[in-house]
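Note sheet for the following structure.
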Amino acid sequence: MRLVLVAPAAAGMLASGALYEQQLLAQLRADGHAVETLEPTAPPPADALVLIDGLALAEVAPTTLAGAIGLIHHLPPADSAAGGALARLPRLIASNESVGRRLVQERGIEAARVRIVSPGAPMVPRADGSGGPGCALLSVGALVPRKGHDLLLRALARLFDLDWSLSIVGDASRDPAHADTLAALATSLGIADRVRFAGEPAHAILEELWRQADVFALATQWEGYGMAIAEALRRGLPVAVTKGGAAADLVPAEAGVVCQPGDVVELSKGLRRLIFDRPLRVVMAEHAFAAGQTLPGWPQQAAAFIDAVR
């Protein structure tokens, strides 16, 4: 099958939608499909099945929309140009159950026009941990308010008596003002020397951060699926997350702590348990790894994607 993905060129490489598409397209190519990408203003070839990333909907020509399939990671505002274009697409693929439900319930799209293909979990090595006396925490998510990095910083600042460090991996360019606020917050809380804002590092550096992590933490307000959480489980990391959207659905009770979104005190108490109690982390790591191995991989999900677009 020949497929063309129309997507914005400026999407952050570690954004969940961009990661979904990178890994999906790589698997489709490995499976023998002809796949290419186009920017929104470029006319697609007539003999290809056209997929349009939701972030590009406002920029594509109406003629491109007519026979295309929308690939939707987050819902655009209903009254926006992208929201109007979304309603005109004949078929939609949602990358998570939550967005699929919202397309039907909130936007009035017929259920028959919507298919759901959730992400695959990557084939990644198990984390080794920091090996140090302290606890190395890793958080992966763009530096935007929805990801709740400010809440995570406030929760950790309460644990001044414990030995911990935090690396935050995520694109700062999507909301530079918020990114600056996070750095200032770490300073005002007195924890700037324990917090590293790693940006979007090269693959080898990111792999090293994953390898040396002891705990994965994300205080997100809402997640449609939680690809970084799935990867953390795959790598055997205990997790501290919130119940924002589908973020907690992936996490068995034995594999980490799950808190209410926005509850700094509850999150701080959960983090205290993980940071202070090394034997507990070891047990939770085993449960996390076991849970991660049950998640479907990209070969399975790429096959489901092809079934959905035929």
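Residue numbers start at 1 in each chain; chains themselves are named A, B, ... in the order of the structure tokens; ligands are numbered from 1 in the order shown.
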
Near range 264-281 of chain A, 12 Å: range 102-196 of chain A residue rows, closest pairs, only C-alpha atoms, as CSV:
residue,atom,partner,partner_atom,distance
A:Gly129,CA,A:Arg281,CA,10.5
A:Ser130,CA,A:Arg278,CA,12.0
A:Gly131,CA,A:Arg278,CA,11.1
A:Gly132,CA,A:Arg278,CA,11.1
A:Pro133,CA,A:Arg278,CA,9.7
A:Gly134,CA,A:Ile275,CA,7.8
A:Cys135,CA,A:Ile275,CA,5.8
A:Ala136,CA,A:Ile275,CA,8.7
A:Leu137,CA,A:Ile275,CA,8.9
A:Gly148,CA,A:Val264,CA,10.3
A:His149,CA,A:Val264,CA,11.1
A:Asp150,CA,A:Val264,CA,9.7
A:Leu151,CA,A:Val264,CA,6.0
A:Leu152,CA,A:Val264,CA,7.5
A:Leu153,CA,A:Val264,CA,9.2
A:Arg154,CA,A:Val264,CA,6.7
A:Ala155,CA,A:Ser268,CA,4.4
A:Leu156,CA,A:Ser268,CA,6.1
A:Ala157,CA,A:Ser268,CA,8.5
A:Arg158,CA,A:Ser268,CA,6.8
A:Leu159,CA,A:Arg272,CA,6.9
A:Phe160,CA,A:Arg272,CA,10.3
A:Asp161,CA,A:Arg272,CA,9.9
A:Leu162,CA,A:Phe276,CA,7.0
A:Asp163,CA,A:Ile275,CA,7.8
A:Trp164,CA,A:Ile275,CA,7.1
A:Ser165,CA,A:Ile275,CA,10.1
A:Leu166,CA,A:Ile275,CA,11.5

Next item on the list: Report as a PyMOL selection string: the residues of range 164-266 of chain A with a DSSP assignment of strand (DSSP E or B), based on the backbone of this structure.
Entry: chain A and resi 164-169+195-199+215-218+223+239-242+245+256-259

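Comparing A:Pro261, A:Glu59, A:Leu5, A:Asp53 by their smallest distance to Ala34 in chain A, the closest is A:Leu5 (using only C-alpha atoms).
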
Write out as a PDB file with C-alpha atoms, in the first residue's frame which residues come within 8 Å of Leu237 in chain A when counting only C-alpha atoms, dropping same-chain ones fewer than 6 positions away.
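Printed below is out08.pdb as written:
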ATOM      1  CA  ALA A 127      16.569   0.321  32.897  1.00  0.00           C
ATOM      2  CA  ALA A 213      16.492   6.390  35.912  1.00  0.00           C
ATOM      3  CA  ASP A 214      15.092   4.872  39.107  1.00  0.00           C
ATOM      4  CA  VAL A 215      11.538   6.273  38.849  1.00  0.00           C
ATOM      5  CA  PHE A 216       9.405   7.784  36.089  1.00  0.00           C
ATOM      6  CA  MET A 284       7.476  -2.179  41.973  1.00  0.00           C
ATOM      7  CA  ALA A 285      10.098  -2.333  39.221  1.00  0.00           C
ATOM      8  CA  ALA A 288       6.264  -2.541  36.114  1.00  0.00           C
ATOM      9  CA  PHE A 289       8.469  -4.668  33.874  1.00  0.00           C
TER      10      PHE A 289
END

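Residue nearest Met123 in chain A, chosen from A:Val50, A:Leu295, A:Ala308, A:Ala255 and counting only C-alpha atoms: A:Leu295.
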
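Within 9 Å of Ala78 in chain A, once only C-alpha atoms are used and residues closer than 6 positions along the same chain are dropped, the contacting residues are Gly84, Leu86, Ala87 and Arg107 of chain A.
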
Write a file of the selected residues as a PDB file, in the first residue's frame, keeping N, CA and C atoms.
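So the final result, stored in out09.pdb, reads:
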ATOM      1  N   GLY A  84     -13.305  22.606  11.933  1.00  0.00           N
ATOM      2  CA  GLY A  84     -14.196  22.517  10.786  1.00  0.00           C
ATOM      3  C   GLY A  84     -13.711  21.504   9.770  1.00  0.00           C
ATOM      4  N   LEU A  86     -11.846  18.886  10.392  1.00  0.00           N
ATOM      5  CA  LEU A  86     -12.012  17.557  10.983  1.00  0.00           C
ATOM      6  C   LEU A  86     -13.410  17.015  10.700  1.00  0.00           C
ATOM      7  N   ALA A  87     -14.427  17.867  10.830  1.00  0.00           N
ATOM      8  CA  ALA A  87     -15.811  17.424  10.620  1.00  0.00           C
ATOM      9  C   ALA A  87     -16.073  17.001   9.183  1.00  0.00           C
ATOM     10  N   ARG A 107     -18.221  15.783  19.387  1.00  0.00           N
ATOM     11  CA  ARG A 107     -18.228  16.399  18.063  1.00  0.00           C
ATOM     12  C   ARG A 107     -19.317  15.843  17.151  1.00  0.00           C
TER      13      ARG A 107
END

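Note that the spacing between CA of Ala248 in chain A and CA of Arg101 in chain A amounts to 17.2 Å.
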
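Take the candidates A:Val309, A:Leu19, A:Leu89, A:Leu25 and check each one against Gly141 in chain A using only C-alpha atoms; the shortest distance goes to A:Leu19.
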
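Note that the spacing between CA of Glu286 in chain A and CA of Gly236 in chain A amounts to 6.5 Å.
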
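Shortest atom-to-atom contact with Gly262 in chain A among A:Ile93, A:Val241, A:Leu28, A:Ile109: A:Val241, counting only C-alpha atoms.
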